[in-house]
Amino acid sequence: MLHLVQALLVAVFPALVIAAALRDLTSYTIPNWLSLALAAAFVPAALALGLPLPALGQHLGVGALGLVAGMAMFALGWIGGGDAKLFAAGALWLGWPAVATYGVLTGMAGGGLALSLLALRSGYLRPYVVTGPAWFSRLAEPGENVPYGLAIAIGALAAFPASPFMAAFQGF
């Protein structure tokens, strides 16, 4: 029974990260409750997996640094406020050293997303897109924002298996 509870708690991370990405993709918003739920679920999940207190402190520190980095990116106009909070919540869960992979992969996914949107918004593809669903047509709108939550989710999901959190889970 304990293993089931642990597995369910670990599954919260990918489920909420995917939900945030889909919400950002379709509405250009990431509700605060998603980032708050991620942050709140971290402590029970970490305790259920038996992460030692120094590791918990390290995760909290990495999450705080993720929040500072997210706030800086928001201040520079690179990402939205919801993206900054999602980035910090992801950093909290991933800890060190997986947060380095998270940052690099998020940046790479963001670059791929930007290139994809440039192609989608070009004169060649845009005419084919505008007849689709409203959220997809909005993606093809020149000058529209970038749903960076998608890139954050890709980076988070790719880095999650390398996190100390997953290493503790695999030990059971």
# chains A, B, ... in the order shown; residues from 1 in each chain; ligands from 1
>>> closest_atom_pairs(of="range 82-126 of chain A", to="range 36-46 of chain A", cutoff="8 Å", atoms="only C-alpha atoms", output="tab-separated table")
residue	atom	partner	partner_atom	distance
A:Ala89	CA	A:Ala39	CA	5.5
A:Gly90	CA	A:Leu38	CA	7.8
A:Leu92	CA	A:Ala39	CA	7.2
A:Trp93	CA	A:Phe42	CA	6.3
>>> write_last_selection(atoms="N, CA and C atoms", output="PDB file, in the first residue's frame")
ATOM      1  N   ALA A  89       8.568  25.866  -9.540  1.00  0.00           N
ATOM      2  CA  ALA A  89       7.997  24.638  -8.971  1.00  0.00           C
ATOM      3  C   ALA A  89       8.697  23.403  -9.549  1.00  0.00           C
ATOM      4  N   GLY A  90       9.038  23.457 -10.833  1.00  0.00           N
ATOM      5  CA  GLY A  90       9.783  22.355 -11.441  1.00  0.00           C
ATOM      6  C   GLY A  90      11.165  22.213 -10.823  1.00  0.00           C
ATOM      7  N   LEU A  92      12.038  23.048  -7.840  1.00  0.00           N
ATOM      8  CA  LEU A  92      11.850  22.499  -6.494  1.00  0.00           C
ATOM      9  C   LEU A  92      11.814  20.976  -6.524  1.00  0.00           C
ATOM     10  N   TRP A  93      11.063  20.415  -7.416  1.00  0.00           N
ATOM     11  CA  TRP A  93      10.941  18.969  -7.511  1.00  0.00           C
ATOM     12  C   TRP A  93      12.219  18.304  -8.017  1.00  0.00           C
TER      13      TRP A  93
END
>>> residues_around(residues="Tyr148 in chain A", least_positions_apart="3", cutoff="7 Å", atoms="only C-alpha atoms", output="PyMOL selection string")
chain A and resi 79+83+110+151-152
>>> atom_distance(atom1="CA of Thr106 in chain A", atom2="CA of Ser137 in chain A")
24.3 Å
>>> atom_distance(atom1="CA of Ala48 in chain A", atom2="CA of Ile30 in chain A")
27.6 Å
>>> closest_residue(among="A:Gly103, A:Gly82, A:Pro161, A:Pro127", to="Val62 in chain A", atoms="only C-alpha atoms")
A:Gly103
>>> select_by_dssp(residues="range 64-169 of chain A", states="alpha helix (DSSP H)", output="PDB file with C-alpha atoms, in the first residue's frame")
ATOM      1  CA  ALA A  64      14.205  29.396  -4.475  1.00  0.00           C
ATOM      2  CA  LEU A  65      16.955  29.871  -7.064  1.00  0.00           C
ATOM      3  CA  GLY A  66      14.502  28.734  -9.744  1.00  0.00           C
ATOM      4  CA  LEU A  67      12.061  31.399  -8.549  1.00  0.00           C
ATOM      5  CA  VAL A  68      14.766  34.084  -8.700  1.00  0.00           C
ATOM      6  CA  ALA A  69      15.755  32.939 -12.208  1.00  0.00           C
ATOM      7  CA  GLY A  70      12.114  32.876 -13.280  1.00  0.00           C
ATOM      8  CA  MET A  71      11.526  36.357 -11.881  1.00  0.00           C
ATOM      9  CA  ALA A  72      14.585  37.620 -13.750  1.00  0.00           C
ATOM     10  CA  MET A  73      13.358  36.089 -17.019  1.00  0.00           C
ATOM     11  CA  PHE A  74       9.925  37.611 -16.384  1.00  0.00           C
ATOM     12  CA  ALA A  75      11.459  41.029 -15.673  1.00  0.00           C
ATOM     13  CA  GLY A  81       4.502  35.275 -14.735  1.00  0.00           C
ATOM     14  CA  GLY A  82       2.860  31.853 -14.823  1.00  0.00           C
ATOM     15  CA  ASP A  83       5.884  30.473 -16.648  1.00  0.00           C
ATOM     16  CA  ALA A  84       8.199  31.851 -13.939  1.00  0.00           C
ATOM     17  CA  LYS A  85       6.184  30.166 -11.185  1.00  0.00           C
ATOM     18  CA  LEU A  86       6.006  26.883 -13.086  1.00  0.00           C
ATOM     19  CA  PHE A  87       9.767  27.005 -13.666  1.00  0.00           C
ATOM     20  CA  ALA A  88      10.358  27.472  -9.927  1.00  0.00           C
ATOM     21  CA  ALA A  89       7.997  24.638  -8.971  1.00  0.00           C
ATOM     22  CA  GLY A  90       9.783  22.355 -11.441  1.00  0.00           C
ATOM     23  CA  ALA A  91      13.162  23.307  -9.986  1.00  0.00           C
ATOM     24  CA  LEU A  92      11.850  22.499  -6.494  1.00  0.00           C
ATOM     25  CA  TRP A  93      10.941  18.969  -7.511  1.00  0.00           C
ATOM     26  CA  LEU A  94      14.048  18.299  -9.578  1.00  0.00           C
ATOM     27  CA  ALA A  98      18.850  17.514 -12.391  1.00  0.00           C
ATOM     28  CA  VAL A  99      18.012  21.225 -12.349  1.00  0.00           C
ATOM     29  CA  ALA A 100      20.991  21.858 -14.649  1.00  0.00           C
ATOM     30  CA  THR A 101      19.568  19.415 -17.183  1.00  0.00           C
ATOM     31  CA  TYR A 102      16.168  21.039 -16.663  1.00  0.00           C
ATOM     32  CA  GLY A 103      17.508  24.497 -17.497  1.00  0.00           C
ATOM     33  CA  VAL A 104      19.388  23.373 -20.590  1.00  0.00           C
ATOM     34  CA  LEU A 105      16.566  21.235 -21.963  1.00  0.00           C
ATOM     35  CA  THR A 106      13.979  23.926 -21.251  1.00  0.00           C
ATOM     36  CA  GLY A 107      16.096  26.412 -23.202  1.00  0.00           C
ATOM     37  CA  MET A 108      16.498  23.990 -26.087  1.00  0.00           C
ATOM     38  CA  ALA A 109      12.782  23.188 -26.108  1.00  0.00           C
ATOM     39  CA  GLY A 110      12.037  26.920 -26.013  1.00  0.00           C
ATOM     40  CA  GLY A 111      14.247  27.462 -29.046  1.00  0.00           C
ATOM     41  CA  GLY A 112      12.500  24.648 -30.902  1.00  0.00           C
ATOM     42  CA  LEU A 113       9.130  26.074 -29.901  1.00  0.00           C
ATOM     43  CA  ALA A 114      10.109  29.526 -31.141  1.00  0.00           C
ATOM     44  CA  LEU A 115      11.300  28.147 -34.481  1.00  0.00           C
ATOM     45  CA  SER A 116       8.116  26.100 -34.831  1.00  0.00           C
ATOM     46  CA  LEU A 117       5.961  29.135 -34.134  1.00  0.00           C
ATOM     47  CA  LEU A 118       7.925  31.227 -36.623  1.00  0.00           C
ATOM     48  CA  ALA A 119       7.271  28.581 -39.260  1.00  0.00           C
ATOM     49  CA  LEU A 120       3.608  28.307 -38.255  1.00  0.00           C
ATOM     50  CA  ARG A 126      -0.555  30.294 -41.673  1.00  0.00           C
ATOM     51  CA  PRO A 127      -3.297  30.066 -44.339  1.00  0.00           C
ATOM     52  CA  TYR A 128      -3.695  26.361 -43.588  1.00  0.00           C
ATOM     53  CA  VAL A 129      -3.891  26.894 -39.850  1.00  0.00           C
ATOM     54  CA  ALA A 134      -9.380  28.808 -32.211  1.00  0.00           C
ATOM     55  CA  TRP A 135      -6.462  28.046 -29.870  1.00  0.00           C
ATOM     56  CA  PHE A 136      -4.397  26.666 -32.762  1.00  0.00           C
ATOM     57  CA  SER A 137      -5.244  29.634 -34.984  1.00  0.00           C
ATOM     58  CA  ARG A 138      -4.081  31.890 -32.173  1.00  0.00           C
ATOM     59  CA  LEU A 139      -0.711  30.107 -32.152  1.00  0.00           C
ATOM     60  CA  GLY A 149       4.972  26.569 -20.394  1.00  0.00           C
ATOM     61  CA  LEU A 150       5.214  23.901 -23.085  1.00  0.00           C
ATOM     62  CA  ALA A 151       9.015  24.241 -23.189  1.00  0.00           C
ATOM     63  CA  ILE A 152       9.197  24.224 -19.387  1.00  0.00           C
ATOM     64  CA  ALA A 153       7.152  21.023 -19.288  1.00  0.00           C
ATOM     65  CA  ILE A 154       9.367  19.329 -21.880  1.00  0.00           C
ATOM     66  CA  GLY A 155      12.490  20.259 -19.906  1.00  0.00           C
ATOM     67  CA  ALA A 156      10.928  19.150 -16.618  1.00  0.00           C
ATOM     68  CA  LEU A 157       9.689  15.812 -17.911  1.00  0.00           C
ATOM     69  CA  ALA A 158      12.999  15.062 -19.622  1.00  0.00           C
ATOM     70  CA  ALA A 159      14.999  15.892 -16.472  1.00  0.00           C
ATOM     71  CA  PRO A 164      17.333  12.656  -6.795  1.00  0.00           C
ATOM     72  CA  PHE A 165      13.598  12.376  -6.222  1.00  0.00           C
ATOM     73  CA  MET A 166      13.259   9.565  -8.757  1.00  0.00           C
ATOM     74  CA  ALA A 167      16.452   7.939  -7.498  1.00  0.00           C
ATOM     75  CA  ALA A 168      14.839   7.680  -4.049  1.00  0.00           C
ATOM     76  CA  PHE A 169      11.687   6.204  -5.598  1.00  0.00           C
TER      77      PHE A 169
END
>>> atom_distance(atom1="CA of Leu125 in chain A", atom2="CA of Ala21 in chain A")
23.2 Å
